[in-house]
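Data block below; observations after.
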Amino acid sequence: LALAMKRARSDSTCMAAAAPLNQGQQGTCVCYAFAQCVAQGLLTKYEFSVNPETFVEKVKTLCPSWKGNDVLRICRDWNALAERRMDERAMVEDVDKSERLIRFRVKEPVAITDFEAACNLMDAAAGVLYMMVVIKIPGGGIHESHAVAAWITYPTVQGRAMAAVNSWGGAEPIKHVTRTNFIRAVLIEPELVEQVTPARPLGRLFKSRLTTIAAKREKVILAMVKKAEEGGGAALETVVEAGVIPPLVQL
């Protein structure tokens with residue numbers, strides 16, 4: 001795996017992976033994947049450091065997911081809360097608990113159900129943003145699906161795969177996402193709604209990849225819309241649910 005990842009990209013920044021967290025016995029994997037992705041995005045985009053293990057407790061409180069959740073729904077729930085200007089519950093402090101205090105939303109959350117499209121977007125964002133990915137868990141019983149935080153793609157004999165940070169502590173710290181177990185994915189890009197302290201410029205790392213990420217995201221969305229338009233009816237309803245086309249626009 002290490003050799004495959006090394007060959008996948010020469011940019012060493014793409015190799016960085018967060019340490020796995022431990023969700024315990026509750027069905028909170030979506031919260032943990034969300035926290036990992038947000039911490040990565042805030043760090044690289046705004047150089048704002050958040051402890052994901054601390055932040056996830058806020059997420060579990062504000063977006064209850066004890067019996068499971070959906071990777072797109074948690075983004076929408078968080079955004080709805082973050083956009084309430086008078087509500088301070090969504091304010092986030094940095095690891096130093098300093099004067100830096102922010103409120104953020106997830107930019108354009110879209111559920112991608114095509115594995116190759118998800119891999120292409122992951123390639124564009126690798127080393128900068130993480131992607132929440134839902135995978136199938138064989139024999140998982142009531143937990144037949146599981147959310148993880150992907151950070152890179154790598155080649156295999158069967159085609160591309162993604163490496164993702166898991167939330168089972170030391171047990172299977174890395175989950176491997178393939179065409180076989182992939183269900184859907186959402187790229188997590190935080191976007192500031194409010195800063196209590198003076199604004200900071202975008203981080204140098206994120207700024208260097210901004211155009212690439214935006215272009216790839218737009219290409220993926222346009223492809224989903226085109227495919228849905230060709231399918232019509234139920235297909236259009238699917239992309240509306242995925243967050244690609246707002247319901248009012250479709251009407």
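So you can find residues: chains in the structure tokens are A, B, ... in the order shown, residues in each start at 1, and ligands are numbered from 1 in order.
Close contacts of A:Glu88, defined as residues with an atom at most 12 Å away when counting only C-alpha atoms, with chain neighbours fewer than 3 positions off set aside, comprise A:Lys58, A:Leu62, A:Leu81, A:Ala82, A:Glu83, A:Arg84, A:Arg85, A:Met91, A:Val92, A:Glu93, A:Leu101, A:Ile102, A:Arg103, A:Phe104, A:Glu194, A:Val196.
Closest approach to A:Gly68 from the set A:Lys136, A:Arg217, A:His146, A:Lys107 is made by A:His146, with distances taken over only C-alpha atoms.
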Problem set entry | Residues within 9 Å of A:Gly24, only C-alpha atoms, excluding chain neighbours under 4 positions, as a ChimeraX atom specification | /A:28,167-169
#### Entry: Closest of A:Asp114, A:Glu230, A:Asp70, A:Glu47 to A:Val148 - atom-to-atom distances counting only C-alpha atoms
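Nearest candidate to A:Val148 out of A:Asp114, A:Glu230, A:Asp70, A:Glu47: A:Asp70.
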